[in-house]
Amino acid sequence: MAKYIFKRILQSILVLLVVTCITFLLMKSVPGSPFLGEKAQSPEVTAALYKKYGLDKPTHIQLINYIKNSLKLDFGVSLKMQKNRPVIDIIKEMLPTSAKLGIIAVIWATLVGVPLGCLAAYNRGKKIDDFLRVLTTIGISVPGFVTATLLLVFFGVKLHILPTMGLSNIRSYIMPCFALGFYPMCYIARLSRSSMLDAINQDYIRTAKSKGVPSRKILFKHALRNAFIPVLTYLGPLTAGIITGSLVIESVFSLPGLGRYFVNSILNRDYPIIMATTIFFAALVITMNLIVDILYKFVDPRIDVTKETQ
């Protein structure tokens, strides 16, 4: 296992390097400048700004310098949105809000989605199965901004039950976390149902039934373990994506999260923020996938993740 993890870490470093290079080159190929604003400025001022931030050098020199500085966790300073403020400080400020919302959303989506999927599979063809299939289909089909807006209008504006913006107390987390986790919950429920249906039709489940093992024990002890593997695979990239923020949810509920800030940095061509956020997201996705691969061994001991390295 140690050899496998070491190999994956080396692969992760290579992937991060490739992501950094591609993002940097694509960003440089986009026309425009972070120093262009509403007020016109002379070419001399623009040239001085380019020289100050090292943007006047050849592209390959800029890329090499950026990679060297990134190894020291120096991602530069903001060029426009929070001028001259270190990017690492901006991420540290914005990330906690997105991370808290994302973690809560993933937890409740998993805790609700998996049992609903198992319930639908166990009652296949019955009314409860039909109802859950309709509900999850609607949840997957409806865009996130529609869910967030409906919650905001109904519970915030009409009933005045929940706060409509900010995260001042526990109640203010309810609507953003529900809106953020509703789609994953529905997807996890459908994934759990299909996986559970496949698992309960296996020979070892029939053998357990023939021996008189209680249905509840068969479902949750034997079938669920195998049915949870596809869900676990989905949770890796889901967690990485949802922790780094959601533009829609953060915009609707006026939350100062990383996802909303990242999109604004793209619109403002704030290169250092774009680069640092992309690298952070890529590193998080790689880390979560590695964690998922390791967890496979605990969910199903028959899986040998180190087989490739032997």
# chains A, B, ... in the order shown; residues from 1 in each chain; ligands from 1
call {"tool": "closest_atom_pairs", "arguments": {"of": "stretch 75-194 of chain A", "to": "stretch 259-267 of chain A", "cutoff": "12 Å", "atoms": "only C-alpha atoms", "output": "CSV"}}
result
residue,atom,partner,partner_atom,distance
A:Ser78,CA,A:Ser265,CA,9.2
A:Leu79,CA,A:Ser265,CA,9.7
A:Lys80,CA,A:Ser265,CA,8.5
A:Met81,CA,A:Ser265,CA,7.1
A:Gln82,CA,A:Ser265,CA,10.1
A:Lys83,CA,A:Ser265,CA,11.8
A:Val87,CA,A:Ser265,CA,11.3
A:Ile90,CA,A:Tyr261,CA,9.5
A:Ile91,CA,A:Tyr261,CA,9.4
A:Glu93,CA,A:Tyr261,CA,10.9
A:Met94,CA,A:Tyr261,CA,7.9
A:Leu95,CA,A:Gly259,CA,8.7
A:Pro96,CA,A:Gly259,CA,11.5
A:Thr97,CA,A:Gly259,CA,10.0
A:Ser98,CA,A:Gly259,CA,7.3
A:Ala99,CA,A:Gly259,CA,10.3
A:Leu101,CA,A:Gly259,CA,11.5
A:Gly102,CA,A:Gly259,CA,11.0
call {"tool": "write_last_selection", "arguments": {"atoms": "all heavy atoms", "output": "CSV table (one decimal), in the first residue's frame"}}
result
chain,number,residue,atom,x,y,z
A,78,SER,N,-2.9,39.8,-5.9
A,78,SER,CA,-4.0,40.1,-6.8
A,78,SER,C,-3.7,41.3,-7.6
A,78,SER,O,-3.1,42.3,-7.1
A,78,SER,CB,-5.2,40.4,-5.9
A,78,SER,OG,-6.3,40.8,-6.7
A,79,LEU,N,-4.0,41.3,-8.9
A,79,LEU,CA,-3.7,42.4,-9.8
A,79,LEU,C,-4.8,43.5,-9.8
A,79,LEU,O,-4.6,44.6,-10.2
A,79,LEU,CB,-3.4,41.9,-11.2
A,79,LEU,CG,-2.3,40.9,-11.4
A,79,LEU,CD1,-2.2,40.5,-12.8
A,79,LEU,CD2,-1.0,41.4,-10.8
A,80,LYS,N,-6.0,43.0,-9.5
A,80,LYS,CA,-7.2,44.0,-9.7
A,80,LYS,C,-8.2,43.9,-8.6
A,80,LYS,O,-8.6,45.0,-8.0
A,80,LYS,CB,-7.8,43.6,-11.0
A,80,LYS,CG,-8.8,44.7,-11.5
A,80,LYS,CD,-9.3,44.4,-12.9
A,80,LYS,CE,-10.2,45.5,-13.5
A,80,LYS,NZ,-10.6,45.2,-14.9
A,81,MET,N,-8.7,42.7,-8.2
A,81,MET,CA,-9.8,42.7,-7.3
A,81,MET,C,-9.5,43.1,-5.9
A,81,MET,O,-10.2,43.8,-5.2
A,81,MET,CB,-10.4,41.2,-7.3
A,81,MET,CG,-10.9,40.8,-8.6
A,81,MET,SD,-11.6,39.2,-8.6
A,81,MET,CE,-13.1,39.5,-7.6
A,82,GLN,N,-8.3,42.7,-5.4
A,82,GLN,CA,-7.8,43.2,-4.1
A,82,GLN,C,-6.3,43.5,-4.3
A,82,GLN,O,-5.5,42.7,-3.9
A,82,GLN,CB,-8.0,42.2,-3.0
A,82,GLN,CG,-9.5,41.8,-2.7
A,82,GLN,CD,-9.6,41.0,-1.4
A,82,GLN,OE1,-8.9,41.2,-0.4
A,82,GLN,NE2,-10.5,40.0,-1.5
A,83,LYS,N,-6.1,44.6,-5.0
A,83,LYS,CA,-4.8,44.9,-5.5
A,83,LYS,C,-3.7,44.8,-4.5
A,83,LYS,O,-3.7,45.3,-3.4
A,83,LYS,CB,-4.8,46.3,-6.1
A,83,LYS,CG,-3.7,46.6,-7.1
A,83,LYS,CD,-3.9,47.9,-7.8
A,83,LYS,CE,-2.8,48.1,-8.9
A,83,LYS,NZ,-3.0,49.3,-9.6
A,87,VAL,N,-2.4,36.3,-2.8
A,87,VAL,CA,-3.5,35.4,-3.2
A,87,VAL,C,-3.8,34.4,-2.2
A,87,VAL,O,-4.9,34.0,-1.9
A,87,VAL,CB,-3.2,34.8,-4.6
A,87,VAL,CG1,-4.2,33.7,-5.0
A,87,VAL,CG2,-3.1,35.8,-5.7
A,90,ILE,N,-6.1,35.6,0.3
A,90,ILE,CA,-7.5,35.7,-0.2
A,90,ILE,C,-8.2,34.3,-0.2
A,90,ILE,O,-9.3,34.2,0.3
A,90,ILE,CB,-7.5,36.2,-1.6
A,90,ILE,CG1,-6.9,37.7,-1.7
A,90,ILE,CG2,-8.9,36.2,-2.2
A,90,ILE,CD1,-6.8,38.2,-3.1
A,91,ILE,N,-7.4,33.3,-0.6
A,91,ILE,CA,-8.0,31.9,-0.5
A,91,ILE,C,-8.3,31.5,0.9
A,91,ILE,O,-9.3,30.9,1.2
A,91,ILE,CB,-7.0,30.9,-1.2
A,91,ILE,CG1,-6.9,31.2,-2.7
A,91,ILE,CG2,-7.5,29.5,-1.0
A,91,ILE,CD1,-6.0,30.3,-3.5
A,93,GLU,N,-9.2,33.3,3.3
A,93,GLU,CA,-10.3,34.1,3.8
A,93,GLU,C,-11.6,33.5,3.2
A,93,GLU,O,-12.6,33.4,3.8
A,93,GLU,CB,-10.2,35.6,3.4
A,93,GLU,CG,-11.4,36.4,3.8
A,93,GLU,CD,-11.2,37.9,3.4
A,93,GLU,OE1,-10.1,38.3,3.1
A,93,GLU,OE2,-12.2,38.6,3.3
A,94,MET,N,-11.6,33.2,1.9
A,94,MET,CA,-12.8,32.8,1.2
A,94,MET,C,-13.1,31.3,1.3
A,94,MET,O,-14.3,30.9,1.3
A,94,MET,CB,-12.7,33.1,-0.3
A,94,MET,CG,-12.5,34.6,-0.7
A,94,MET,SD,-13.9,35.5,-0.2
A,94,MET,CE,-13.3,37.2,-0.6
A,95,LEU,N,-12.1,30.5,1.5
A,95,LEU,CA,-12.3,29.0,1.5
A,95,LEU,C,-13.2,28.5,2.7
A,95,LEU,O,-14.0,27.7,2.4
A,95,LEU,CB,-11.0,28.3,1.5
A,95,LEU,CG,-11.0,26.8,1.5
A,95,LEU,CD1,-11.8,26.3,0.3
A,95,LEU,CD2,-9.6,26.2,1.6
A,96,PRO,N,-13.0,29.0,3.9
A,96,PRO,CA,-13.8,28.4,5.0
A,96,PRO,C,-15.3,28.5,4.8
A,96,PRO,O,-16.0,27.5,5.1
A,96,PRO,CB,-13.4,29.3,6.2
A,96,PRO,CG,-12.0,29.8,5.9
A,96,PRO,CD,-12.0,30.0,4.4
A,97,THR,N,-15.8,29.6,4.2
A,97,THR,CA,-17.2,29.7,3.9
A,97,THR,C,-17.7,28.6,3.0
A,97,THR,O,-18.7,27.9,3.2
A,97,THR,CB,-17.6,31.0,3.4
A,97,THR,OG1,-17.2,32.1,4.3
A,97,THR,CG2,-19.1,31.1,3.1
A,98,SER,N,-17.0,28.5,1.9
A,98,SER,CA,-17.4,27.4,0.9
A,98,SER,C,-17.2,26.0,1.4
A,98,SER,O,-18.0,25.1,1.1
A,98,SER,CB,-16.5,27.6,-0.4
A,98,SER,OG,-16.7,28.9,-1.0
A,99,ALA,N,-16.1,25.8,2.2
A,99,ALA,CA,-15.8,24.5,2.7
A,99,ALA,C,-16.9,24.1,3.7
A,99,ALA,O,-17.3,22.9,3.7
A,99,ALA,CB,-14.4,24.5,3.4
A,101,LEU,N,-20.1,25.0,3.9
A,101,LEU,CA,-21.3,24.7,3.2
A,101,LEU,C,-21.2,23.4,2.4
A,101,LEU,O,-22.1,22.6,2.4
A,101,LEU,CB,-21.6,25.9,2.2
A,101,LEU,CG,-22.0,27.2,2.8
A,101,LEU,CD1,-22.1,28.2,1.7
A,101,LEU,CD2,-23.3,27.1,3.6
A,102,GLY,N,-20.0,23.2,1.8
A,102,GLY,CA,-19.8,22.0,1.0
A,102,GLY,C,-19.8,20.7,1.8
A,102,GLY,O,-20.4,19.7,1.5
call {"tool": "select_by_dssp", "arguments": {"residues": "stretch 4-229 of chain A", "states": "helix (DSSP H, G or I)", "output": "VMD selection string"}}
result
chain A and resid 4 to 29 43 to 52 59 to 71 87 to 122 127 to 141 144 to 158 170 to 200 203 to 210 215 to 229
call {"tool": "closest_residue", "arguments": {"among": "A:Ile107, A:Val157, A:Val213, A:Met165", "to": "A:Phe182", "atoms": "only C-alpha atoms"}}
result
A:Ile107
call {"tool": "residues_around", "arguments": {"residues": "stretch 56-64 of chain A", "least_positions_apart": "6", "cutoff": "9 Å", "atoms": "only C-alpha atoms", "output": "MDAnalysis selection string"}}
result
chainID A and resid 20:21 24:25 28 47 49:50
call {"tool": "write_last_selection", "arguments": {"atoms": "all heavy atoms", "output": "PDB file, in the first residue's frame"}}
result
ATOM      1  N   THR A  20      -1.108  23.130 -14.320  1.00  0.00           N
ATOM      2  CA  THR A  20      -0.553  24.477 -14.176  1.00  0.00           C
ATOM      3  C   THR A  20      -0.122  25.037 -15.522  1.00  0.00           C
ATOM      4  O   THR A  20      -0.445  26.188 -15.868  1.00  0.00           O
ATOM      5  CB  THR A  20       0.645  24.457 -13.212  1.00  0.00           C
ATOM      6  OG1 THR A  20       0.219  23.965 -11.940  1.00  0.00           O
ATOM      7  CG2 THR A  20       1.219  25.851 -13.048  1.00  0.00           C
ATOM      8  N   CYS A  21       0.584  24.243 -16.295  1.00  0.00           N
ATOM      9  CA  CYS A  21       1.082  24.705 -17.599  1.00  0.00           C
ATOM     10  C   CYS A  21      -0.069  25.001 -18.555  1.00  0.00           C
ATOM     11  O   CYS A  21      -0.074  26.052 -19.218  1.00  0.00           O
ATOM     12  CB  CYS A  21       2.017  23.660 -18.204  1.00  0.00           C
ATOM     13  SG  CYS A  21       3.553  23.417 -17.288  1.00  0.00           S
ATOM     14  N   PHE A  24      -2.019  28.113 -17.410  1.00  0.00           N
ATOM     15  CA  PHE A  24      -1.211  29.310 -17.617  1.00  0.00           C
ATOM     16  C   PHE A  24      -1.205  29.719 -19.091  1.00  0.00           C
ATOM     17  O   PHE A  24      -1.408  30.898 -19.429  1.00  0.00           O
ATOM     18  CB  PHE A  24       0.219  29.064 -17.130  1.00  0.00           C
ATOM     19  CG  PHE A  24       1.062  30.301 -17.053  1.00  0.00           C
ATOM     20  CD1 PHE A  24       1.106  31.052 -15.895  1.00  0.00           C
ATOM     21  CD2 PHE A  24       1.813  30.713 -18.142  1.00  0.00           C
ATOM     22  CE1 PHE A  24       1.885  32.190 -15.824  1.00  0.00           C
ATOM     23  CE2 PHE A  24       2.600  31.849 -18.081  1.00  0.00           C
ATOM     24  CZ  PHE A  24       2.639  32.595 -16.911  1.00  0.00           C
ATOM     25  N   LEU A  25      -1.006  28.755 -19.974  1.00  0.00           N
ATOM     26  CA  LEU A  25      -0.944  29.058 -21.406  1.00  0.00           C
ATOM     27  C   LEU A  25      -2.305  29.490 -21.949  1.00  0.00           C
ATOM     28  O   LEU A  25      -2.390  30.411 -22.772  1.00  0.00           O
ATOM     29  CB  LEU A  25      -0.417  27.847 -22.171  1.00  0.00           C
ATOM     30  CG  LEU A  25       1.033  27.445 -21.848  1.00  0.00           C
ATOM     31  CD1 LEU A  25       1.403  26.157 -22.579  1.00  0.00           C
ATOM     32  CD2 LEU A  25       2.000  28.566 -22.216  1.00  0.00           C
ATOM     33  N   LYS A  28      -2.966  33.036 -20.847  1.00  0.00           N
ATOM     34  CA  LYS A  28      -2.181  34.002 -21.606  1.00  0.00           C
ATOM     35  C   LYS A  28      -2.707  34.188 -23.028  1.00  0.00           C
ATOM     36  O   LYS A  28      -2.494  35.231 -23.651  1.00  0.00           O
ATOM     37  CB  LYS A  28      -0.715  33.555 -21.658  1.00  0.00           C
ATOM     38  CG  LYS A  28       0.015  33.693 -20.340  1.00  0.00           C
ATOM     39  CD  LYS A  28       0.139  35.148 -19.937  1.00  0.00           C
ATOM     40  CE  LYS A  28       0.892  35.308 -18.646  1.00  0.00           C
ATOM     41  NZ  LYS A  28       1.009  36.732 -18.243  1.00  0.00           N
ATOM     42  N   ALA A  47       2.745  49.872 -19.447  1.00  0.00           N
ATOM     43  CA  ALA A  47       4.035  49.185 -19.550  1.00  0.00           C
ATOM     44  C   ALA A  47       4.703  49.077 -18.187  1.00  0.00           C
ATOM     45  O   ALA A  47       5.326  48.056 -17.857  1.00  0.00           O
ATOM     46  CB  ALA A  47       4.938  49.920 -20.538  1.00  0.00           C
ATOM     47  N   LEU A  49       3.178  48.896 -15.282  1.00  0.00           N
ATOM     48  CA  LEU A  49       2.468  47.880 -14.505  1.00  0.00           C
ATOM     49  C   LEU A  49       2.875  46.481 -14.939  1.00  0.00           C
ATOM     50  O   LEU A  49       3.065  45.584 -14.101  1.00  0.00           O
ATOM     51  CB  LEU A  49       0.957  48.074 -14.672  1.00  0.00           C
ATOM     52  CG  LEU A  49       0.344  49.300 -13.987  1.00  0.00           C
ATOM     53  CD1 LEU A  49      -1.111  49.474 -14.387  1.00  0.00           C
ATOM     54  CD2 LEU A  49       0.464  49.187 -12.468  1.00  0.00           C
ATOM     55  N   TYR A  50       2.999  46.274 -16.243  1.00  0.00           N
ATOM     56  CA  TYR A  50       3.445  44.967 -16.738  1.00  0.00           C
ATOM     57  C   TYR A  50       4.832  44.628 -16.195  1.00  0.00           C
ATOM     58  O   TYR A  50       5.107  43.481 -15.825  1.00  0.00           O
ATOM     59  CB  TYR A  50       3.451  44.961 -18.270  1.00  0.00           C
ATOM     60  CG  TYR A  50       2.156  44.509 -18.880  1.00  0.00           C
ATOM     61  CD1 TYR A  50       1.073  45.377 -18.983  1.00  0.00           C
ATOM     62  CD2 TYR A  50       1.997  43.212 -19.341  1.00  0.00           C
ATOM     63  CE1 TYR A  50      -0.130  44.967 -19.542  1.00  0.00           C
ATOM     64  CE2 TYR A  50       0.798  42.789 -19.900  1.00  0.00           C
ATOM     65  CZ  TYR A  50      -0.256  43.670 -19.990  1.00  0.00           C
ATOM     66  OH  TYR A  50      -1.446  43.261 -20.534  1.00  0.00           O
TER      67      TYR A  50
END
call {"tool": "residues_around", "arguments": {"residues": "A:His222", "least_positions_apart": "2", "cutoff": "10 Å", "atoms": "only C-alpha atoms", "output": "list in words"}}
result
Ala199, Ile200, Tyr204, Ile205, Ala208, Arg216, Lys217, Ile218, Leu219, Phe220, Leu224, Arg225, Asn226 and Ala227 of chain A
call {"tool": "residues_around", "arguments": {"residues": "A:Pro31", "least_positions_apart": "5", "cutoff": "12 Å", "atoms": "only C-alpha atoms", "output": "NGL selection string"}}
result
:A and (26 or 36 or 269)
call {"tool": "write_last_selection", "arguments": {"atoms": "all heavy atoms", "output": "PDB file, in the first residue's frame"}}
result
ATOM      1  N   LEU A  26      -3.370  28.836 -21.496  1.00  0.00           N
ATOM      2  CA  LEU A  26      -4.705  29.236 -21.924  1.00  0.00           C
ATOM      3  C   LEU A  26      -5.041  30.647 -21.444  1.00  0.00           C
ATOM      4  O   LEU A  26      -5.638  31.439 -22.172  1.00  0.00           O
ATOM      5  CB  LEU A  26      -5.747  28.244 -21.403  1.00  0.00           C
ATOM      6  CG  LEU A  26      -5.782  26.868 -22.063  1.00  0.00           C
ATOM      7  CD1 LEU A  26      -6.783  25.965 -21.362  1.00  0.00           C
ATOM      8  CD2 LEU A  26      -6.132  26.989 -23.541  1.00  0.00           C
ATOM      9  N   LEU A  36      -6.754  47.008 -17.822  1.00  0.00           N
ATOM     10  CA  LEU A  36      -7.686  47.809 -18.596  1.00  0.00           C
ATOM     11  C   LEU A  36      -8.962  48.014 -17.797  1.00  0.00           C
ATOM     12  O   LEU A  36      -9.595  47.061 -17.367  1.00  0.00           O
ATOM     13  CB  LEU A  36      -7.995  47.120 -19.927  1.00  0.00           C
ATOM     14  CG  LEU A  36      -6.817  46.955 -20.901  1.00  0.00           C
ATOM     15  CD1 LEU A  36      -7.281  46.225 -22.152  1.00  0.00           C
ATOM     16  CD2 LEU A  36      -6.207  48.305 -21.253  1.00  0.00           C
ATOM     17  N   ARG A 269     -10.017  39.160 -15.165  1.00  0.00           N
ATOM     18  CA  ARG A 269      -8.697  38.735 -15.645  1.00  0.00           C
ATOM     19  C   ARG A 269      -7.625  38.910 -14.559  1.00  0.00           C
ATOM     20  O   ARG A 269      -6.524  39.394 -14.826  1.00  0.00           O
ATOM     21  CB  ARG A 269      -8.301  39.510 -16.903  1.00  0.00           C
ATOM     22  CG  ARG A 269      -9.184  39.224 -18.101  1.00  0.00           C
ATOM     23  CD  ARG A 269      -8.687  39.954 -19.332  1.00  0.00           C
ATOM     24  NE  ARG A 269      -9.434  39.590 -20.517  1.00  0.00           N
ATOM     25  CZ  ARG A 269     -10.570  40.177 -20.896  1.00  0.00           C
ATOM     26  NH1 ARG A 269     -11.069  41.140 -20.142  1.00  0.00           N
ATOM     27  NH2 ARG A 269     -11.201  39.798 -21.978  1.00  0.00           N
TER      28      ARG A 269
END
call {"tool": "closest_residue", "arguments": {"among": "A:Leu135, A:Ile174, A:Ile188, A:Ala240", "to": "A:Thr287", "atoms": "only C-alpha atoms"}}
result
A:Ala240
call {"tool": "residues_around", "arguments": {"residues": "A:Leu73", "least_positions_apart": "4", "cutoff": "10 Å", "atoms": "only C-alpha atoms", "output": "mmCIF file with C-alpha atoms, in the first residue's frame"}}
result
data_model
loop_
_atom_site.group_PDB
_atom_site.id
_atom_site.type_symbol
_atom_site.label_atom_id
_atom_site.label_comp_id
_atom_site.auth_asym_id
_atom_site.auth_seq_id
_atom_site.Cartn_x
_atom_site.Cartn_y
_atom_site.Cartn_z
ATOM 1 C CA ILE A 67 6.161 27.234 -10.936
ATOM 2 C CA LYS A 68 9.221 28.033 -8.818
ATOM 3 C CA ASN A 69 7.253 30.436 -6.633
ATOM 4 C CA VAL A 87 -3.496 35.440 -3.245
ATOM 5 C CA ILE A 88 -2.885 32.828 -0.551
ATOM 6 C CA ALA A 276 -4.021 29.634 -7.612
#
call {"tool": "atom_distance", "arguments": {"atom1": "atom CA of A:Thr278", "atom2": "atom CA of A:Ser168"}}
result
28.9 Å
call {"tool": "closest_residue", "arguments": {"among": "A:Val142, A:Ala189, A:Leu238, A:Val19", "to": "A:Val285", "atoms": "only C-alpha atoms"}}
result
A:Leu238
call {"tool": "atom_distance", "arguments": {"atom1": "atom CA of A:Lys100", "atom2": "atom CA of A:Thr244"}}
result
9.9 Å
call {"tool": "closest_residue", "arguments": {"among": "A:Asn65, A:Ser194, A:Ser251, A:Asn123", "to": "A:Pro176", "atoms": "only C-alpha atoms"}}
result
A:Ser251
